[in-house]
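Reproduced below: upload_26.tsv, with TSV, C-alpha atoms and all ligand atoms.
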```tsv
chain	number	residue	atom	x	y	z
A	407	MET	CA	0.00	0.00	0.00
A	408	TYR	CA	1.08	3.58	-0.70
A	409	ARG	CA	2.53	5.01	2.53
A	410	LEU	CA	2.44	8.60	3.81
A	411	LEU	CA	4.20	9.97	6.85
A	412	VAL	CA	2.74	13.20	8.28
A	413	THR	CA	4.59	15.21	10.94
A	414	GLY	CA	3.21	18.02	13.11
A	415	LEU	CA	-0.25	16.43	13.38
A	416	LYS	CA	-1.44	18.64	16.24
A	417	GLY	CA	-0.76	21.90	14.38
A	418	GLN	CA	-3.44	23.64	12.31
A	419	ILE	CA	-2.16	22.37	8.94
A	420	GLY	CA	-1.57	18.90	10.42
A	421	GLN	CA	-5.16	18.77	11.70
A	422	ALA	CA	-6.53	19.94	8.36
A	423	ILE	CA	-4.50	17.25	6.58
A	424	LYS	CA	-5.81	14.56	8.92
A	425	ASP	CA	-9.41	15.59	8.20
A	426	ARG	CA	-8.88	15.39	4.43
A	427	ILE	CA	-6.43	12.56	3.90
A	428	GLU	CA	-8.38	9.71	5.45
A	429	HIS	CA	-10.55	7.70	3.03
A	430	GLN	CA	-7.96	8.02	0.25
A	431	GLY	CA	-6.93	4.37	0.61
A	432	TRP	CA	-3.40	5.23	1.75
A	433	ASP	CA	-1.55	3.89	4.76
A	434	VAL	CA	-0.95	7.10	6.72
A	435	LEU	CA	1.24	7.42	9.78
A	436	PHE	CA	0.33	10.62	11.64
A	437	THR	CA	2.94	11.84	14.10
A	438	ASP	CA	3.51	14.80	16.36
A	439	ILE	CA	6.38	15.78	18.60
A	440	ASP	CA	5.32	13.12	21.15
A	441	THR	CA	5.71	10.30	18.62
A	442	LEU	CA	8.19	11.78	16.15
A	443	ASP	CA	10.39	14.69	17.15
A	444	ILE	CA	11.77	15.75	13.78
A	445	THR	CA	14.92	17.08	15.45
A	446	ASN	CA	15.79	13.66	16.94
A	447	ASP	CA	17.98	11.95	14.34
A	448	GLU	CA	17.72	8.46	15.86
A	449	GLN	CA	13.94	8.67	16.08
A	450	VAL	CA	13.63	10.01	12.53
A	451	ALA	CA	15.87	7.23	11.17
A	452	ALA	CA	13.94	4.55	13.11
A	453	VAL	CA	10.52	5.73	11.87
A	454	PHE	CA	11.71	5.82	8.24
A	455	LYS	CA	13.30	2.38	8.57
A	456	ALA	CA	10.14	0.84	10.01
A	457	PHE	CA	7.52	2.66	7.89
A	458	LYS	CA	9.32	3.32	4.58
A	459	PRO	CA	7.09	6.21	3.43
A	460	ASP	CA	6.53	6.96	-0.25
A	461	VAL	CA	5.62	10.55	0.65
A	462	VAL	CA	6.53	12.62	3.71
A	463	ILE	CA	4.45	15.69	4.57
A	464	ASN	CA	6.26	17.93	7.01
A	465	ALA	CA	3.65	20.04	8.78
A	466	ALA	CA	5.84	20.46	11.88
A	467	GLY	CA	7.35	23.84	12.54
A	468	TYR	CA	8.42	26.41	15.12
A	469	THR	CA	5.85	29.07	14.28
A	470	ASP	CA	5.97	31.59	17.14
A	471	VAL	CA	7.56	34.45	15.20
A	472	ASP	CA	8.18	36.76	18.18
A	473	ARG	CA	9.38	34.04	20.57
A	474	ALA	CA	11.85	32.83	17.93
A	475	GLU	CA	13.80	36.10	18.30
A	476	HIS	CA	14.90	34.98	21.80
A	477	ASP	CA	14.72	31.23	21.23
A	478	VAL	CA	16.97	31.06	18.18
A	479	ALA	CA	18.43	27.60	18.77
A	480	ALA	CA	14.99	25.99	19.19
A	481	ALA	CA	13.68	27.67	16.01
A	482	GLU	CA	16.77	26.54	14.09
A	483	TYR	CA	16.38	22.99	15.32
A	484	VAL	CA	12.75	22.64	14.28
A	485	ASN	CA	12.71	24.79	11.13
A	486	ALA	CA	16.13	23.94	9.69
A	487	TYR	CA	17.71	20.86	11.30
A	488	GLY	CA	14.42	18.88	11.36
A	489	PRO	CA	13.78	19.33	7.60
A	490	TYR	CA	17.45	18.42	7.02
A	491	LEU	CA	17.00	15.10	8.86
A	492	LEU	CA	13.78	14.38	6.94
A	493	ALA	CA	15.47	15.23	3.63
A	494	ILE	CA	18.39	12.87	4.32
A	495	GLN	CA	16.00	10.00	5.02
A	496	CYS	CA	13.82	10.85	1.99
A	497	HIS	CA	16.95	10.80	-0.18
A	498	LYS	CA	17.89	7.34	1.12
A	499	LEU	CA	14.45	5.92	0.37
A	500	GLY	CA	13.64	7.92	-2.77
A	501	SER	CA	10.56	9.41	-1.03
A	502	LEU	CA	8.91	12.71	-1.96
A	503	LEU	CA	9.17	15.39	0.74
A	504	ILE	CA	6.36	17.98	0.83
A	505	HIS	CA	7.35	20.87	3.08
A	506	PHE	CA	5.74	24.19	4.06
A	507	SER	CA	7.58	27.48	3.97
A	508	THR	CA	6.63	31.11	4.30
A	509	GLU	CA	6.57	34.59	2.78
A	510	TYR	CA	8.73	35.61	5.77
A	511	ILE	CA	11.80	34.42	3.81
A	512	PHE	CA	11.42	37.73	1.90
A	513	ASN	CA	12.12	41.23	3.20
A	514	GLY	CA	8.84	42.67	1.89
A	515	ARG	CA	10.48	45.54	0.02
A	516	ASN	CA	9.36	44.38	-3.44
A	517	HIS	CA	6.98	46.78	-5.16
A	518	SER	CA	5.21	43.82	-6.80
A	519	THR	CA	4.08	40.40	-5.59
A	520	TYR	CA	6.69	37.72	-4.78
A	521	VAL	CA	7.36	34.98	-7.33
A	522	GLU	CA	9.11	31.70	-6.56
A	523	THR	CA	12.42	32.87	-8.04
A	524	ASP	CA	12.69	36.14	-6.10
A	525	THR	CA	15.76	36.39	-3.89
A	526	PRO	CA	15.04	35.66	-0.23
A	527	ALA	CA	16.26	38.12	2.42
A	528	PRO	CA	14.54	37.32	5.73
A	529	LEU	CA	14.11	40.06	8.32
A	530	ASN	CA	13.61	37.89	11.39
A	531	VAL	CA	14.79	34.65	13.02
A	532	TYR	CA	11.69	32.69	12.00
A	533	GLY	CA	12.16	33.67	8.33
A	534	ARG	CA	15.88	32.95	8.46
A	535	THR	CA	15.38	29.49	9.98
A	536	LYS	CA	12.61	28.65	7.48
A	537	LEU	CA	14.94	29.68	4.65
A	538	GLN	CA	17.69	27.47	6.13
A	539	GLY	CA	15.23	24.58	6.15
A	540	GLU	CA	14.50	25.14	2.45
A	541	GLN	CA	18.22	25.30	1.67
A	542	TYR	CA	19.00	22.07	3.52
A	543	ILE	CA	16.20	20.26	1.68
A	544	LYS	CA	17.45	21.50	-1.69
A	545	ALA	CA	21.03	20.50	-0.85
A	546	CYS	CA	20.06	16.93	0.12
A	547	LEU	CA	17.23	16.06	-2.19
A	548	SER	CA	15.78	16.50	-5.67
A	549	HIS	CA	12.37	14.91	-4.91
A	550	TYR	CA	10.83	17.73	-2.91
A	551	ILE	CA	7.95	20.18	-3.18
A	552	ILE	CA	8.11	23.28	-1.01
A	553	ILE	CA	4.82	25.12	-0.62
A	554	ARG	CA	5.34	28.74	0.42
A	555	THR	CA	2.21	30.10	2.04
A	556	SER	CA	1.05	32.94	4.27
A	557	TRP	CA	-1.38	34.04	7.02
A	558	VAL	CA	-2.80	30.55	7.63
A	559	PHE	CA	-6.14	30.36	9.42
A	560	SER	CA	-8.45	27.51	10.31
A	561	GLU	CA	-10.98	26.24	12.82
A	562	TYR	CA	-8.13	24.45	14.64
A	563	GLY	CA	-5.79	25.85	17.25
A	564	ARG	CA	-4.60	29.43	17.60
A	565	ASN	CA	-4.47	31.70	14.57
A	566	PHE	CA	-5.46	35.27	13.66
A	567	VAL	CA	-9.14	34.39	13.22
A	568	THR	CA	-9.50	32.54	16.53
A	569	THR	CA	-7.55	35.34	18.26
A	570	MET	CA	-9.95	37.98	16.84
A	571	LEU	CA	-12.94	35.89	17.90
A	572	SER	CA	-11.71	35.71	21.47
A	573	LEU	CA	-10.87	39.45	21.51
A	574	SER	CA	-14.39	40.18	20.26
A	575	ARG	CA	-15.75	38.83	23.55
A	576	LYS	CA	-13.89	41.53	25.49
A	577	ASP	CA	-15.01	45.12	25.20
A	578	ALA	CA	-11.53	46.56	24.86
A	579	PRO	CA	-9.67	48.41	22.08
A	580	ILE	CA	-8.03	46.13	19.52
A	581	ARG	CA	-4.98	47.60	17.76
A	582	ILE	CA	-4.22	46.00	14.40
A	583	VAL	CA	-1.39	46.74	11.99
A	584	ASN	CA	-2.59	48.47	8.82
A	585	ASP	CA	0.60	48.70	6.77
A	586	GLN	CA	1.63	45.04	6.36
A	587	PHE	CA	0.00	43.30	3.42
A	588	GLY	CA	-0.50	39.62	2.63
A	589	CYS	CA	-2.94	36.91	1.62
A	590	PRO	CA	-4.89	34.87	4.18
A	591	THR	CA	-4.88	31.14	3.44
A	592	TYR	CA	-7.28	28.48	4.70
A	593	ALA	CA	-5.44	25.45	6.15
A	594	GLY	CA	-8.05	23.14	4.56
A	595	ASP	CA	-7.04	24.39	1.09
A	596	LEU	CA	-3.39	23.64	1.86
A	597	ALA	CA	-4.44	20.15	2.97
A	598	ASN	CA	-6.40	19.62	-0.27
A	599	LEU	CA	-3.33	20.76	-2.22
A	600	VAL	CA	-1.16	18.22	-0.41
A	601	VAL	CA	-3.69	15.47	-1.21
A	602	ASP	CA	-3.64	16.52	-4.88
A	603	ILE	CA	0.18	16.50	-5.00
A	604	THR	CA	0.24	13.05	-3.39
A	605	LYS	CA	-2.32	11.68	-5.88
A	606	ASP	CA	-0.25	13.10	-8.73
A	607	HIS	CA	2.91	11.52	-7.33
A	608	GLN	CA	1.24	8.14	-6.83
A	609	ALA	CA	-0.25	8.12	-10.34
A	610	GLU	CA	2.97	9.53	-11.85
A	611	THR	CA	0.94	12.01	-13.89
A	612	GLY	CA	3.65	14.68	-13.58
A	613	ARG	CA	1.34	17.67	-13.13
A	614	TYR	CA	3.59	18.99	-10.35
A	615	GLN	CA	7.31	19.47	-10.97
A	616	PHE	CA	9.70	19.12	-8.04
A	617	GLY	CA	10.62	22.54	-6.63
A	618	ASP	CA	8.96	25.59	-5.07
A	619	TYR	CA	5.34	26.69	-5.35
A	620	ASN	CA	3.63	29.72	-3.85
A	621	PHE	CA	0.12	29.04	-2.65
A	622	CYS	CA	-2.13	31.42	-0.72
A	623	GLY	CA	-5.78	32.38	-0.55
A	624	ASP	CA	-7.18	34.33	-3.46
A	625	SER	CA	-8.50	37.83	-3.00
A	626	GLY	CA	-7.09	38.92	-6.27
A	627	CYS	CA	-3.79	39.39	-4.47
A	628	GLY	CA	-0.82	38.18	-6.46
A	629	ASN	CA	-3.00	35.73	-8.31
A	630	SER	CA	-5.04	36.94	-11.21
A	631	SER	CA	-6.29	40.46	-10.80
A	632	GLY	CA	-3.01	41.67	-9.29
A	633	ASP	CA	-4.44	43.96	-6.64
A	634	SER	CA	-2.48	44.79	-3.52
A	635	GLY	CA	-3.62	42.11	-1.08
A	636	VAL	CA	-5.09	42.92	2.29
A	637	SER	CA	-3.67	44.42	5.46
A	638	TRP	CA	-4.03	42.74	8.86
A	639	LEU	CA	-6.61	45.45	9.60
A	640	ASP	CA	-8.62	44.54	6.45
A	641	PHE	CA	-8.45	40.89	7.51
A	642	ALA	CA	-9.70	41.81	11.00
A	643	TYR	CA	-12.61	43.83	9.52
A	644	ALA	CA	-13.53	40.85	7.31
A	645	ILE	CA	-13.64	38.64	10.43
A	646	PHE	CA	-15.77	41.13	12.41
A	647	ASP	CA	-18.12	41.70	9.44
A	648	GLU	CA	-18.72	37.96	9.31
A	649	LEU	CA	-19.16	37.76	13.08
A	650	ASP	CA	-21.73	40.53	12.88
A	651	LYS	CA	-24.08	38.08	11.11
A	652	TYR	CA	-24.15	35.95	14.26
A	653	GLN	CA	-23.95	38.69	16.87
A	654	PRO	CA	-25.50	41.77	15.27
A	655	GLY	CA	-24.09	45.02	16.60
A	656	GLU	CA	-21.04	47.01	15.85
A	657	GLN	CA	-18.66	44.08	16.01
A	658	GLY	CA	-15.71	45.99	14.57
A	659	ARG	CA	-16.19	49.10	16.71
A	660	ASN	CA	-13.14	48.42	18.89
A	661	LEU	CA	-10.75	48.01	15.97
A	662	THR	CA	-8.07	50.65	15.46
A	663	GLY	CA	-5.47	50.59	12.70
A	664	VAL	CA	-1.87	51.26	13.75
A	665	THR	CA	1.39	51.36	11.85
A	666	THR	CA	4.10	48.72	12.21
A	667	GLU	CA	6.16	51.27	14.16
A	668	GLU	CA	3.27	52.04	16.53
A	669	TYR	CA	2.57	48.35	17.10
A	670	ALA	CA	6.24	47.65	17.91
A	671	SER	CA	6.30	43.85	17.85
A	672	ILE	CA	9.43	41.96	18.87
A	673	ALA	CA	10.18	40.50	15.41
A	674	ILE	CA	10.40	42.71	12.32
A	675	ARG	CA	7.88	41.60	9.68
A	676	PRO	CA	7.83	42.17	5.92
A	677	LYS	CA	5.44	44.94	4.82
A	678	ASN	CA	4.73	43.24	1.52
A	679	GLY	CA	4.13	39.51	2.01
A	680	ILE	CA	2.00	38.98	-1.08
A	681	LEU	CA	2.84	35.72	-2.83
A	682	ASN	CA	2.21	35.48	-6.55
A	683	CYS	CA	0.41	32.21	-7.36
A	684	HIS	CA	0.67	32.25	-11.15
A	685	LYS	CA	2.87	29.13	-11.22
A	686	ILE	CA	0.48	26.89	-9.31
A	687	SER	CA	-2.83	28.40	-10.53
A	688	PRO	CA	-3.20	26.27	-13.71
A	689	ILE	CA	-2.63	23.07	-11.66
A	690	PHE	CA	-4.42	23.89	-8.41
A	691	ARG	CA	-6.38	27.09	-8.27
A	692	PRO	CA	-6.12	29.28	-5.15
A	693	LEU	CA	-9.57	29.81	-3.65
A	694	ASP	CA	-11.36	32.82	-2.24
A	695	TRP	CA	-10.24	33.09	1.39
A	696	ARG	CA	-13.34	35.14	2.36
A	697	ARG	CA	-15.56	32.17	1.53
A	698	LYS	CA	-13.37	29.95	3.73
A	699	LEU	CA	-13.48	32.54	6.49
A	700	ARG	CA	-17.29	32.31	6.39
A	701	HIS	CA	-16.99	28.54	6.77
A	702	VAL	CA	-14.56	28.77	9.73
A	703	ILE	CA	-16.71	31.31	11.57
A	704	ALA	CA	-19.84	29.22	10.93
A	705	ILE	CA	-18.11	26.19	12.49
A	706	THR	CA	-16.78	28.22	15.41
A	707	MET	CA	-20.16	29.87	16.14
A	708	ALA	CA	-22.19	26.64	15.82
A	801	LIG	N1	0.69	29.59	10.33
A	801	LIG	C1	1.05	30.32	9.29
A	801	LIG	O1	0.54	31.43	9.05
A	801	LIG	C2	2.10	29.79	8.34
A	801	LIG	C3	2.45	30.57	7.22
A	801	LIG	C4	3.41	30.09	6.34
A	801	LIG	C5	4.01	28.85	6.57
A	801	LIG	N2	3.66	28.12	7.66
A	801	LIG	C6	4.36	26.85	7.89
A	801	LIG	O2	3.43	25.78	7.88
A	801	LIG	C7	3.87	24.76	8.79
A	801	LIG	C8	2.74	24.40	9.74
A	801	LIG	O3	2.23	25.59	10.31
A	801	LIG	P1	1.00	25.61	11.33
A	801	LIG	O4	0.37	26.94	11.22
A	801	LIG	O5	0.18	24.38	11.19
A	801	LIG	O6	1.82	25.58	12.69
A	801	LIG	P2	1.38	25.11	14.15
A	801	LIG	O7	-0.09	25.16	14.29
A	801	LIG	O8	2.24	25.87	15.09
A	801	LIG	O9	1.80	23.58	14.16
A	801	LIG	C9	3.14	23.17	14.15
A	801	LIG	C10	3.18	21.79	14.80
A	801	LIG	O10	4.54	21.33	14.80
A	801	LIG	C11	4.78	20.73	16.07
A	801	LIG	N3	6.21	20.66	16.37
A	801	LIG	C12	7.00	21.62	16.92
A	801	LIG	N4	8.25	21.13	17.08
A	801	LIG	C13	8.24	19.86	16.61
A	801	LIG	C14	9.22	18.84	16.51
A	801	LIG	N5	10.47	19.03	16.94
A	801	LIG	N6	8.86	17.64	15.99
A	801	LIG	C15	7.60	17.42	15.57
A	801	LIG	N7	6.62	18.34	15.65
A	801	LIG	C16	6.94	19.55	16.16
A	801	LIG	C17	4.04	21.63	17.03
A	801	LIG	O11	3.90	21.00	18.29
A	801	LIG	P3	3.84	21.97	19.61
A	801	LIG	O12	2.63	22.82	19.42
A	801	LIG	O13	3.74	20.97	20.71
A	801	LIG	O14	5.11	22.77	19.61
A	801	LIG	C18	2.73	21.80	16.28
A	801	LIG	O15	1.88	20.72	16.53
A	801	LIG	C19	5.13	25.31	9.46
A	801	LIG	O16	6.26	24.83	8.78
A	801	LIG	C20	5.04	26.80	9.25
A	801	LIG	O17	6.30	27.42	9.22
A	801	LIG	C21	2.71	28.55	8.53
```

Can the structure from this file be put into structure tokens for me?
Amino acid sequence: MYRLLVTGLKGQIGQAIKDRIEHQGWDVLFTDIDTLDITNDEQVAAVFKAFKPDVVINAAGYTDVDRAEHDVAAAEYVNAYGPYLLAIQCHKLGSLLIHFSTEYIFNGRNHSTYVETDTPAPLNVYGRTKLQGEQYIKACLSHYIIIRTSWVFSEYGRNFVTTMLSLSRKDAPIRIVNDQFGCPTYAGDLANLVVDITKDHQAETGRYQFGDYNFCGDSGCGNSSGDSGVSWLDFAYAIFDELDKYQPGEQGRNLTGVTTEEYASIAIRPKNGILNCHKISPIFRPLDWRRKLRHVIAITMA
């Protein structure tokens, strides 16, 4: 039977993959840090030796961008050394490695959207360690697909949408950055993409080439209409507008837009994080994130 190894099960992308990958007729081994710590070389080698995956989906990551600034070694271990260990084992077995990366590998100073071949120049530790992870994979392996994505939200775990929903229950001012731009992406769409890549690999239909693909939610940003994406403040207003359907009132009344400088977060973030999805669009079309937001809020409010 065709075998898939998934890491980082308890994360939001891991959960979304679990919900969508069952019933495909594959033998799937789901792991999280408790069962497979991707930074533990002996454990990684033992799991590969016993399970012999055809495809490895690495949904594990150190994703706390601000904490990473003071926890550099831990971020490097999970985001760079872990993918390196997975890549070495994939190379030995001839397995495909599907890995997630981020728009934070770029410095955000581009005047247009980011394409796959743009030169990375991360501004923070998270971005630097994610770029290192990409570089290790590329140095060890030719059978890889790296999906660069951005602003992931879902009904699982902690993300911008769930944070806004919990802030909406408190009647306090909510300051949101209005000069960083990006594309929200539904974790379920990333999971469906991974399923599609795996099907393609199994059937050897060759729709996906090995290499890098940008994939993020469509709001015209970087995809077809080429508009300028949305700011975190726009994203917050979209969430509160949706919430207003369930709890009528002025749901967004406590929102205030602030500049990056006024917000003063620990890690520096790119102002332009808009990924251009032209490469992947003909194979797997990015979907309207607002529709997915509606779905997530409907689930959360049920
Ligand atoms: N979220 C975004 O907006 C975003 C954007 C672009 C790219 N990505 C990338 O997408 C991937 C998944 O992101 P996500 O949003 O699903 O993150 P997440 O919700 O933080 O999930 C990451 C998972 O990895 C686990 N993990 C941490 N260290 C591990 C280790 N050593 N071995 C095995 N598992 C480990 C975490 O466990 P603990 O919770 O116990 O630490 C968690 O379950 C990451 O590579 C991330 O960089 C995310």

Open item on the list: For a test of reading the model, state the distance in Å between CA of Val567 (chain A) and CA of Val478 (chain A), rounded to one decimal.
Closed with: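 Straight-line distance from CA of Val567 (chain A) to CA of Val478 (chain A) works out to 26.8 Å.
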
TODO: With a distance cut-off of 9 Å and only C-alpha atoms, select the neighbouring residues of Asp447 (chain A), excluding the residue or stretch itself and same-chain residues fewer than 3 positions from it, and output the selection as number ranges by chain.
DONE: A: 443-444, 450-452, 488, 491-492

Limited to C-alpha atoms, could you put the picked residues into a file as a PDB file, in the coordinates of the input?
```pdb
ATOM      1  CA  ASP A 443      10.390  14.690  17.150  1.00  0.00           C
ATOM      2  CA  ILE A 444      11.770  15.750  13.780  1.00  0.00           C
ATOM      3  CA  VAL A 450      13.630  10.010  12.530  1.00  0.00           C
ATOM      4  CA  ALA A 451      15.870   7.230  11.170  1.00  0.00           C
ATOM      5  CA  ALA A 452      13.940   4.550  13.110  1.00  0.00           C
ATOM      6  CA  GLY A 488      14.420  18.880  11.360  1.00  0.00           C
ATOM      7  CA  LEU A 491      17.000  15.100   8.860  1.00  0.00           C
ATOM      8  CA  LEU A 492      13.780  14.380   6.940  1.00  0.00           C
TER       9      LEU A 492
END
```

TODO: Figure out the distance between CA of Val453 (chain A) and CA of Lys416 (chain A), please, to one decimal in Å.
DONE: 18.1 Å

Which centre and which edge lengths, in Å to one decimal, describe the axis-aligned box that holds all listed atoms of ligand LIG 801 (chain A) after 5 Å is added on each side, as AutoDock Vina command-line options?
```
--center_x 5.2 --center_y 24.4 --center_z 13.5 --size_x 20.6 --size_y 24.0 --size_z 24.4
```

- [ ] Between CA of Tyr643 (chain A) and CA of Lys536 (chain A), measure the distance and give it in Å to one decimal.
- [x]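 Rounded to one decimal, the two atoms are 29.5 Å apart.
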
TODO: Could you give me, as a VMD selection string, every polymer residue with an atom at most 8 Å away from an atom of ligand LIG 801 (chain A), counting only C-alpha atoms and all ligand atoms?
DONE: chain A and resid 413 to 421 437 to 446 464 to 470 483 to 485 488 505 to 510 536 554 to 559 563 to 565 591 593

Please produce a file of the residues just selected, as an mmCIF file, in the frame of the given file, where the atoms kept are C-alpha atoms.
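Saved file again24.cif follows:
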```
data_model
loop_
_atom_site.group_PDB
_atom_site.id
_atom_site.type_symbol
_atom_site.label_atom_id
_atom_site.label_comp_id
_atom_site.auth_asym_id
_atom_site.auth_seq_id
_atom_site.Cartn_x
_atom_site.Cartn_y
_atom_site.Cartn_z
ATOM 1 C CA THR A 413 4.590 15.210 10.940
ATOM 2 C CA GLY A 414 3.210 18.020 13.110
ATOM 3 C CA LEU A 415 -0.250 16.430 13.380
ATOM 4 C CA LYS A 416 -1.440 18.640 16.240
ATOM 5 C CA GLY A 417 -0.760 21.900 14.380
ATOM 6 C CA GLN A 418 -3.440 23.640 12.310
ATOM 7 C CA ILE A 419 -2.160 22.370 8.940
ATOM 8 C CA GLY A 420 -1.570 18.900 10.420
ATOM 9 C CA GLN A 421 -5.160 18.770 11.700
ATOM 10 C CA THR A 437 2.940 11.840 14.100
ATOM 11 C CA ASP A 438 3.510 14.800 16.360
ATOM 12 C CA ILE A 439 6.380 15.780 18.600
ATOM 13 C CA ASP A 440 5.320 13.120 21.150
ATOM 14 C CA THR A 441 5.710 10.300 18.620
ATOM 15 C CA LEU A 442 8.190 11.780 16.150
ATOM 16 C CA ASP A 443 10.390 14.690 17.150
ATOM 17 C CA ILE A 444 11.770 15.750 13.780
ATOM 18 C CA THR A 445 14.920 17.080 15.450
ATOM 19 C CA ASN A 446 15.790 13.660 16.940
ATOM 20 C CA ASN A 464 6.260 17.930 7.010
ATOM 21 C CA ALA A 465 3.650 20.040 8.780
ATOM 22 C CA ALA A 466 5.840 20.460 11.880
ATOM 23 C CA GLY A 467 7.350 23.840 12.540
ATOM 24 C CA TYR A 468 8.420 26.410 15.120
ATOM 25 C CA THR A 469 5.850 29.070 14.280
ATOM 26 C CA ASP A 470 5.970 31.590 17.140
ATOM 27 C CA TYR A 483 16.380 22.990 15.320
ATOM 28 C CA VAL A 484 12.750 22.640 14.280
ATOM 29 C CA ASN A 485 12.710 24.790 11.130
ATOM 30 C CA GLY A 488 14.420 18.880 11.360
ATOM 31 C CA HIS A 505 7.350 20.870 3.080
ATOM 32 C CA PHE A 506 5.740 24.190 4.060
ATOM 33 C CA SER A 507 7.580 27.480 3.970
ATOM 34 C CA THR A 508 6.630 31.110 4.300
ATOM 35 C CA GLU A 509 6.570 34.590 2.780
ATOM 36 C CA TYR A 510 8.730 35.610 5.770
ATOM 37 C CA LYS A 536 12.610 28.650 7.480
ATOM 38 C CA ARG A 554 5.340 28.740 0.420
ATOM 39 C CA THR A 555 2.210 30.100 2.040
ATOM 40 C CA SER A 556 1.050 32.940 4.270
ATOM 41 C CA TRP A 557 -1.380 34.040 7.020
ATOM 42 C CA VAL A 558 -2.800 30.550 7.630
ATOM 43 C CA PHE A 559 -6.140 30.360 9.420
ATOM 44 C CA GLY A 563 -5.790 25.850 17.250
ATOM 45 C CA ARG A 564 -4.600 29.430 17.600
ATOM 46 C CA ASN A 565 -4.470 31.700 14.570
ATOM 47 C CA THR A 591 -4.880 31.140 3.440
ATOM 48 C CA ALA A 593 -5.440 25.450 6.150
#
```

What are the closest atom pairs, with distances in Å to one decimal, for all residues of region 566-641 of chain A lying within 12 Å of region 681-702 of chain A? Consider only C-alpha atoms, order rows by chain and residue number, and present the result as CSV.
```
residue,atom,partner,partner_atom,distance
A:Phe566,CA,A:Leu699,CA,11.1
A:Val567,CA,A:Leu699,CA,8.2
A:Thr568,CA,A:Val702,CA,9.3
A:Leu571,CA,A:Val702,CA,11.0
A:Phe587,CA,A:Leu681,CA,10.2
A:Gly588,CA,A:Leu681,CA,7.5
A:Cys589,CA,A:Leu681,CA,7.4
A:Pro590,CA,A:Trp695,CA,6.3
A:Thr591,CA,A:Trp695,CA,6.1
A:Tyr592,CA,A:Lys698,CA,6.3
A:Ala593,CA,A:Lys698,CA,9.4
A:Gly594,CA,A:Lys698,CA,8.7
A:Asp595,CA,A:Leu693,CA,7.6
A:Leu596,CA,A:Pro692,CA,9.4
A:Ala597,CA,A:Phe690,CA,12.0
A:Asn598,CA,A:Phe690,CA,9.4
A:Leu599,CA,A:Phe690,CA,7.0
A:Val600,CA,A:Phe690,CA,10.3
A:Val601,CA,A:Phe690,CA,11.1
A:Asp602,CA,A:Phe690,CA,8.2
A:Ile603,CA,A:Phe690,CA,9.3
A:Asp606,CA,A:Ile689,CA,10.7
A:Thr611,CA,A:Ile689,CA,11.8
A:Gly612,CA,A:Ile689,CA,10.7
A:Arg613,CA,A:Ile689,CA,6.9
A:Tyr614,CA,A:Ile689,CA,7.6
A:Gln615,CA,A:Ile686,CA,10.2
A:Gly617,CA,A:Lys685,CA,11.2
A:Asp618,CA,A:Lys685,CA,9.4
A:Tyr619,CA,A:Ile686,CA,6.3
A:Asn620,CA,A:Cys683,CA,5.4
A:Phe621,CA,A:Cys683,CA,5.7
A:Cys622,CA,A:Pro692,CA,6.3
A:Gly623,CA,A:Trp695,CA,4.9
A:Asp624,CA,A:Asp694,CA,4.6
A:Ser625,CA,A:Asp694,CA,5.8
A:Gly626,CA,A:Asp694,CA,8.5
A:Cys627,CA,A:Asn682,CA,7.5
A:Gly628,CA,A:Asn682,CA,4.1
A:Asn629,CA,A:Cys683,CA,5.0
A:Ser630,CA,A:His684,CA,7.4
A:Ser631,CA,A:Asn682,CA,10.7
A:Gly632,CA,A:Asn682,CA,8.5
A:Asp633,CA,A:Asn682,CA,10.8
A:Ser634,CA,A:Leu681,CA,10.5
A:Gly635,CA,A:Leu681,CA,9.3
A:Val636,CA,A:Trp695,CA,11.1
A:Asp640,CA,A:Arg696,CA,11.3
A:Phe641,CA,A:Arg696,CA,9.1
```

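Closest approach to Arg473 (chain A) from the set A:Phe454, A:Tyr532, A:Trp432, A:Phe512 is made by A:Tyr532, with distances taken over all atoms listed in the file.
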
If we count all atoms listed in the file, what is near Glu667 (chain A) at a cut-off of 12 Å, once residues fewer than 3 positions away on the same chain are taken out, given as a PDB file with C-alpha atoms, in the frame of the given file?
```
ATOM      1  CA  ILE A 582      -4.220  46.000  14.400  1.00  0.00           C
ATOM      2  CA  VAL A 583      -1.390  46.740  11.990  1.00  0.00           C
ATOM      3  CA  ASN A 584      -2.590  48.470   8.820  1.00  0.00           C
ATOM      4  CA  ASP A 585       0.600  48.700   6.770  1.00  0.00           C
ATOM      5  CA  GLN A 586       1.630  45.040   6.360  1.00  0.00           C
ATOM      6  CA  GLY A 663      -5.470  50.590  12.700  1.00  0.00           C
ATOM      7  CA  VAL A 664      -1.870  51.260  13.750  1.00  0.00           C
ATOM      8  CA  ALA A 670       6.240  47.650  17.910  1.00  0.00           C
ATOM      9  CA  SER A 671       6.300  43.850  17.850  1.00  0.00           C
ATOM     10  CA  ILE A 672       9.430  41.960  18.870  1.00  0.00           C
ATOM     11  CA  ALA A 673      10.180  40.500  15.410  1.00  0.00           C
ATOM     12  CA  ILE A 674      10.400  42.710  12.320  1.00  0.00           C
ATOM     13  CA  ARG A 675       7.880  41.600   9.680  1.00  0.00           C
ATOM     14  CA  LYS A 677       5.440  44.940   4.820  1.00  0.00           C
TER      15      LYS A 677
END
```

Open item on the list: So that I can see what lies close to Leu502 (chain A), please list as number ranges by chain the residues with an atom at most 7 Å from it, counting only C-alpha atoms and leaving out residues fewer than 3 positions away in the same chain.
Closed with: A: 460-462, 496, 549-550

- [ ] Compute the distance from (22.7, 17.1, 1.0) to each atom, counting only C-alpha atoms, keep the residues with any atom at most 10 Å away, and return them as a ChimeraX atom specification; use the coordinates of the file.
- [x] /A:490-491,493-494,497,541-548
